[in-house]
Structures are given as structure tokens and as C-alpha cells.
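Remarks on the structure that follows.
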Amino acid sequence: MAKWKYLLIGLVVTLQLLAPIFFIFKLPYAFFVLLGYLASIVVLVVILIMERRKEKKEEDGNDYRDY
């Protein structure tokens with residue numbers, strides 16, 4: 001899961017840097033870049049939520065607050 005997370009973070013950064021360049025030179029391509037950027041952000045958020053839920057389940061097993 002960590003491999004996908006880092007790959008998506010790199011993709012998000014790359015697409016974010018490419019979007020202004022495409023806006024200057026090729027406007028139709030810029031919209032596809034932005035759609036890819038938005039899609040990768042959504043997938044990245046889903047992966048981060050899944051990872052946090054997994055961590056939360058592991059932490060709940062080690063909860064000793066009501067000792």
C-alpha cells in the first residue's frame with residue numbers, strides 16, 4: 001500500500017507542475033492533465049482513509065484507557 005501511496009503522491013506533484021505549462025501551450029491537453037490530477041487526488045485520499053482505518057483498528061486492540 002505504501003508503494004501506491006508514494007507513486008500517487010509523485011503523480012499528483014508531477015501533474016500539478018505540468019498543468020500550468022499545458023495551459024500556456026496546449027489548452028485541450030491541460031484539461032486532461034487536470035482531470036488526471038483530480039482523479040489521482042481522489043484515489044490518494046481513498047488510500048489514506050483506508051490506511052488510517054487500518055491503523056485505527058490496530059490501535060483499538062491496544063487501548064488501555066479503561067484500565
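Labels used: A, B, ... for chains in the order of the C-alpha cells, numbers from 1 for residues in each chain, and numbers from 1 for ligands as shown.
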
Polymer residues at most 10 Å from A:Leu44, only C-alpha atoms, same-chain spacing of 2 or more positions, as an NGL selection string: :A and (4-9 or 12 or 38-42 or 46-50)

Which residues of stretch 34-64 of chain A come within 8 Å of stretch 15-18 of chain A, and for each one, what is the closest pair of atoms and their distance in Å to one decimal, counting only C-alpha atoms, sorted by chain and residue number, as JSON lines?
```
{"residue": "A:Leu34", "atom": "CA", "partner": "A:Leu15", "partner_atom": "CA", "distance": 7.3}
{"residue": "A:Gly36", "atom": "CA", "partner": "A:Leu15", "partner_atom": "CA", "distance": 7.4}
{"residue": "A:Tyr37", "atom": "CA", "partner": "A:Leu15", "partner_atom": "CA", "distance": 5.7}
```

Write a file of the selected residues as a short mmCIF file (atom, residue, chain, number, x, y, z; two decimals), in the first residue's frame, keeping N, CA and C atoms.
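Listing of selection_39.cif after writing:
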```
data_model
loop_
_atom_site.label_atom_id
_atom_site.label_comp_id
_atom_site.auth_asym_id
_atom_site.auth_seq_id
_atom_site.Cartn_x
_atom_site.Cartn_y
_atom_site.Cartn_z
N LEU A 34 -5.56 18.09 -15.82
CA LEU A 34 -6.29 18.43 -14.60
C LEU A 34 -7.27 17.33 -14.20
N GLY A 36 -6.76 14.14 -14.76
CA GLY A 36 -5.88 13.14 -14.17
C GLY A 36 -5.44 13.53 -12.77
N TYR A 37 -5.17 14.81 -12.59
CA TYR A 37 -4.78 15.33 -11.27
C TYR A 37 -5.91 15.12 -10.26
#
```

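For the pair atom CA of A:Phe31 and atom CA of A:Met1, the interatomic distance is 28.7 Å.
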